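Source file: start_6.pdb (PDB, C-alpha atoms)
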ATOM      1  CA  MET A1108     103.335  74.380  99.216
ATOM      2  CA  ASN A1109     105.540  76.410  96.883
ATOM      3  CA  SER A1110     102.504  77.361  94.814
ATOM      4  CA  LEU A1111     100.699  78.547  97.954
ATOM      5  CA  ILE A1112     103.689  80.694  98.910
ATOM      6  CA  ALA A1113     103.832  82.092  95.371
ATOM      7  CA  PHE A1114     100.083  82.784  95.480
ATOM      8  CA  PHE A1115     100.415  84.853  98.654
ATOM      9  CA  LEU A1116     103.484  86.759  97.467
ATOM     10  CA  ILE A1117     102.173  87.506  93.974
ATOM     11  CA  GLY A1118      98.661  88.238  95.251
ATOM     12  CA  GLY A1119     100.022  90.656  97.849
ATOM     13  CA  THR A1120     102.138  92.386  95.237
ATOM     14  CA  LEU A1121      99.142  92.752  92.915
ATOM     15  CA  MET A1122      96.961  94.137  95.711
ATOM     16  CA  THR A1123      99.629  96.687  96.581
ATOM     17  CA  ALA A1124      99.915  97.654  92.908
ATOM     18  CA  LEU A1125      96.130  98.045  92.829
ATOM     19  CA  ALA A1126      96.461 100.528  95.686
ATOM     20  CA  VAL A1127      98.837 102.592  93.578
ATOM     21  CA  VAL A1128      96.368 102.588  90.684
ATOM     22  CA  GLY A1129      93.591 103.664  93.052
ATOM     23  CA  MET A1130      95.746 106.452  94.406
ATOM     24  CA  ILE A1131      96.380 107.781  90.908
ATOM     25  CA  ARG A1132      92.952 107.289  89.334
ATOM     26  CA  LEU A1133      90.369 108.119  91.998
ATOM     27  CA  PRO A1134      89.069 111.691  92.147
ATOM     28  CA  ASP A1135      89.051 112.800  95.781
ATOM     29  CA  MET A1136      90.833 112.284  99.059
ATOM     30  CA  TYR A1137      88.169 110.079 100.597
ATOM     31  CA  SER A1138      87.978 107.525  97.801
ATOM     32  CA  ARG A1139      91.772 107.475  97.436
ATOM     33  CA  LEU A1140      92.144 106.833 101.129
ATOM     34  CA  HIS A1141      89.583 104.036 100.994
ATOM     35  CA  ALA A1142      91.250 102.309  98.051
ATOM     36  CA  THR A1143      94.757 102.548  99.412
ATOM     37  CA  THR A1144      93.823 101.392 102.901
ATOM     38  CA  LYS A1145      91.810  98.367 101.824
ATOM     39  CA  SER A1146      94.136  97.012  99.171
ATOM     40  CA  THR A1147      97.399  97.872 100.911
ATOM     41  CA  THR A1148      96.258  96.222 104.137
ATOM     42  CA  LEU A1149      95.331  93.049 102.285
ATOM     43  CA  GLY A1150      98.490  93.194 100.180
ATOM     44  CA  VAL A1151     100.858  93.589 103.114
ATOM     45  CA  ILE A1152      99.104  90.832 105.059
ATOM     46  CA  MET A1153      99.337  88.499 102.054
ATOM     47  CA  ILE A1154     103.044  89.249 101.597
ATOM     48  CA  MET A1155     103.754  88.685 105.294
ATOM     49  CA  THR A1156     101.776  85.432 105.220
ATOM     50  CA  GLY A1157     103.738  84.286 102.176
ATOM     51  CA  ALA A1158     107.020  85.146 103.891
ATOM     52  CA  PHE A1159     105.898  83.331 107.046
ATOM     53  CA  LEU A1160     105.030  80.214 105.035
ATOM     54  CA  TYR A1161     108.339  80.409 103.185
ATOM     55  CA  PHE A1162     110.416  80.554 106.349
ATOM     56  CA  TRP A1163     108.309  77.853 107.963
ATOM     57  CA  TYR A1164     108.290  75.432 105.022
ATOM     58  CA  ILE A1165     111.713  76.039 103.447
ATOM     59  CA  ASP A1166     113.893  76.962 106.438
ATOM     60  CA  GLY A1167     111.926  75.337 109.248
ATOM     61  CA  LEU A1168     111.727  78.613 111.207
ATOM     62  CA  ILE A1169     108.595  79.968 112.812
ATOM     63  CA  GLU A1170     108.855  83.752 112.524
ATOM     64  CA  THR A1171     106.193  85.093 114.837
ATOM     65  CA  ASN A1172     107.348  88.633 114.069
ATOM     66  CA  LEU A1173     105.735  88.340 110.652
ATOM     67  CA  LEU A1174     102.415  87.283 112.136
ATOM     68  CA  LEU A1175     102.563  90.041 114.737
ATOM     69  CA  GLY A1176     103.382  92.568 112.032
ATOM     70  CA  ALA A1177     100.408  91.418 109.962
ATOM     71  CA  LEU A1178      98.157  91.691 113.005
ATOM     72  CA  PHE A1179      99.496  95.178 113.743
ATOM     73  CA  ILE A1180      98.787  96.317 110.166
ATOM     74  CA  LEU A1181      95.319  94.755 110.309
ATOM     75  CA  LEU A1182      94.477  96.670 113.485
ATOM     76  CA  THR A1183      96.095 100.034 112.802
ATOM     77  CA  ALA A1184      95.566 100.726 109.085
ATOM     78  CA  PRO A1185      91.747 101.022 109.196
ATOM     79  CA  VAL A1186      91.875 103.127 112.352
ATOM     80  CA  SER A1187      94.428 105.534 110.906
ATOM     81  CA  SER A1188      92.450 105.754 107.670
ATOM     82  CA  HIS A1189      89.319 106.604 109.617
ATOM     83  CA  LEU A1190      91.123 109.297 111.599
ATOM     84  CA  LEU A1191      92.609 110.805 108.459
ATOM     85  CA  SER A1192      89.211 110.974 106.768
ATOM     86  CA  ARG A1193      87.613 112.551 109.839
ATOM     87  CA  SER A1194      90.418 115.107 109.977
ATOM     88  CA  ALA A1195      89.933 115.902 106.294
ATOM     89  CA  PHE A1196      86.204 116.322 106.877
ATOM     90  CA  HIS A1197      86.781 118.729 109.761
ATOM     91  CA  ALA A1198      89.320 120.630 107.648
ATOM     92  CA  ASP A1199      86.543 121.114 105.057
ATOM     93  CA  VAL A1200      88.083 118.977 102.331
ATOM     94  CA  LYS A1201      85.264 118.702  99.822
ATOM     95  CA  PRO A1202      84.289 115.317  98.387
ATOM     96  CA  TYR A1203      84.050 114.674  94.674
ATOM     97  CA  LYS A1204      81.279 116.614  92.955
ATOM     98  CA  LEU A1205      79.279 113.444  92.145
ATOM     99  CA  THR A1206      79.232 112.296  95.773
ATOM    100  CA  VAL A1207      75.623 112.073  96.918
ATOM    101  CA  LEU A1208      75.731 110.954 100.550
ATOM    102  CA  ASN A1209      77.511 112.568 103.448
ATOM    103  CA  ASP A1210      77.031 110.510 106.588
ATOM    104  CA  LEU A1211      79.291 112.727 108.684
ATOM    105  CA  LYS A1212      77.147 115.783 108.017
ATOM    106  CA  ARG A1213      74.311 114.112 109.884
ATOM    107  CA  ASP A1214      76.567 113.391 112.879
ATOM    108  CA  GLU A1215      77.961 116.901 113.049
ATOM    109  CA  SER A1216      74.677 118.803 112.750
ATOM    110  CA  ASP A1217      72.090 119.817 115.322
ATOM    111  CA  PRO A1218      69.656 117.264 116.847
ATOM    112  CA  ASP A1219      66.694 118.595 114.859
ATOM    113  CA  ALA A1220      68.397 117.628 111.602
ATOM    114  CA  GLU A1221      66.893 114.137 111.743
ATOM    115  CA  ASN A1222      63.624 115.628 110.478
ATOM    116  CA  ASP A1223      65.395 117.319 107.563
ATOM    117  CA  PRO A1224      64.769 115.286 104.378
ATOM    118  CA  ASP A1225      67.962 116.624 102.752
ATOM    119  CA  ARG A1226      70.270 115.769 105.629
ATOM    120  CA  ASP A1227      72.378 113.274 103.624
ATOM    121  CA  ILE A1228      72.659 115.313 100.438
ATOM    122  CA  VAL A1229      76.002 117.021  99.801
ATOM    123  CA  LYS A1230      75.514 120.646  98.879
TER
END
Could I get this structure in the form of structure tokens?
Amino acid sequence: MNSLIAFFLIGGTLMTALAVVGMIRLPDMYSRLHATTKSTTLGVIMIMTGAFLYFWYIDGLIETNLLLGALFILLTAPVSSHLLSRSAFHADVKPYKLTVLNDLKRDESDPDAENDPDRDIVK
């Protein structure tokens, strides 16, 4: 059981460190937001699971606050990331120059844009 606890704690720490690397290395706001949200969510959930298992196995306590916190992070982090990216899009934050698809452009344009063959191309 100790190895399982160590796996969750070390794995969560590595996933959170991966989020930091993604934040530094990726070129634009959208890809940085994607990398940090995905890996930080998984990292925090793994750390909270490891802490829950530790308290349950070592101390004999069932800390439901840790499970509720992990559930809260799981539900709110993707939603907040989505809202931040939509806000950046509406504030005209440009994606990286090699970005080819822009799915939001199709949603924000007029109804006749479905017949436009270049509707997904970033200009």
Run through the PyMOL selection byres ((chain A and resi 1174) around 12) on the given coordinates and return the selected residues as a list of chain:residue names.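 This file gives the following for the PyMOL selection byres ((chain A and resi 1174) around 12): A:Val1151, A:Ile1152, A:Met1153, A:Ile1154, A:Met1155, A:Thr1156, A:Gly1157, A:Ala1158, A:Phe1159, A:Leu1160, A:Phe1162, A:Trp1163, A:Ile1169, A:Glu1170, A:Thr1171, A:Asn1172, A:Leu1173, A:Leu1175, A:Gly1176, A:Ala1177, A:Leu1178, A:Phe1179, A:Ile1180, A:Leu1181.
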Show me, as a ChimeraX atom specification, the residues that have an atom within 8 Å of Ser1146 in chain A when counting all atoms listed in the file, minus same-chain residues fewer than 2 positions from it. /A:1122-1123,1125-1126,1142-1144,1148-1150
Filtering to C-alpha atoms, could you give me those residues as a tab-separated table (two decimals), keeping the file's coordinate frame?
chain	number	residue	atom	x	y	z
A	1122	MET	CA	96.96	94.14	95.71
A	1123	THR	CA	99.63	96.69	96.58
A	1125	LEU	CA	96.13	98.04	92.83
A	1126	ALA	CA	96.46	100.53	95.69
A	1142	ALA	CA	91.25	102.31	98.05
A	1143	THR	CA	94.76	102.55	99.41
A	1144	THR	CA	93.82	101.39	102.90
A	1148	THR	CA	96.26	96.22	104.14
A	1149	LEU	CA	95.33	93.05	102.28
A	1150	GLY	CA	98.49	93.19	100.18
For Ala1195 in chain A, which residue among A:Asp1135, A:Gly1119, A:Thr1147, A:Tyr1164 is the nearest when counting all atoms listed in the file?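 For Ala1195 in chain A, the nearest of the candidates is A:Asp1135.
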Considering all atoms listed in the file, can you say which of A:Lys1145, A:Arg1132, A:Arg1139, A:Lys1201 comes closest to Thr1183 in chain A? A:Lys1145
Within 12 Å of (103.8, 72.6, 99.3) (coordinates as in the file), grab all the protein and nucleic acid residues, counting all atoms listed in the file, and write them out as a ChimeraX atom specification. /A:1108-1114,1160-1161,1163-1165
Same residues, C-alpha atoms, saved as a PDB file, in the coordinates of the input:
ATOM      1  CA  MET A1108     103.335  74.380  99.216  1.00  0.00           C
ATOM      2  CA  ASN A1109     105.540  76.410  96.883  1.00  0.00           C
ATOM      3  CA  SER A1110     102.504  77.361  94.814  1.00  0.00           C
ATOM      4  CA  LEU A1111     100.699  78.547  97.954  1.00  0.00           C
ATOM      5  CA  ILE A1112     103.689  80.694  98.910  1.00  0.00           C
ATOM      6  CA  ALA A1113     103.832  82.092  95.371  1.00  0.00           C
ATOM      7  CA  PHE A1114     100.083  82.784  95.480  1.00  0.00           C
ATOM      8  CA  LEU A1160     105.030  80.214 105.035  1.00  0.00           C
ATOM      9  CA  TYR A1161     108.339  80.409 103.185  1.00  0.00           C
ATOM     10  CA  TRP A1163     108.309  77.853 107.963  1.00  0.00           C
ATOM     11  CA  TYR A1164     108.290  75.432 105.022  1.00  0.00           C
ATOM     12  CA  ILE A1165     111.713  76.039 103.447  1.00  0.00           C
TER      13      ILE A1165
END
Nearby residues (only C-alpha atoms) at most 10 Å from range 1187-1193 of chain A, same-chain spacing under 3 positions excluded, as a ChimeraX atom specification: /A:1136-1138,1140-1141,1143-1145,1182-1184,1196-1200,1211
So what do you get for CA of Leu1133 in chain A versus CA of Pro1202 in chain A, distance-wise? 11.4 Å
Would you compute the distance between CA of Val1207 in chain A and CA of Val1186 in chain A? Give it in Å to one decimal.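 Value for the CA of Val1207 in chain A-CA of Val1186 in chain A distance: 24.1 Å.
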How many Å separate CA of Leu1168 in chain A from CA of Ile1117 in chain A?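 These atoms are spaced 21.6 Å apart.
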Coordinates of box centre and edge lengths for range 1144-1149 of chain A, 8 Å on every side, axis-aligned, as AutoDock Vina command-line options:
--center_x 94.6 --center_y 97.2 --center_z 101.7 --size_x 21.6 --size_y 24.3 --size_z 21.0
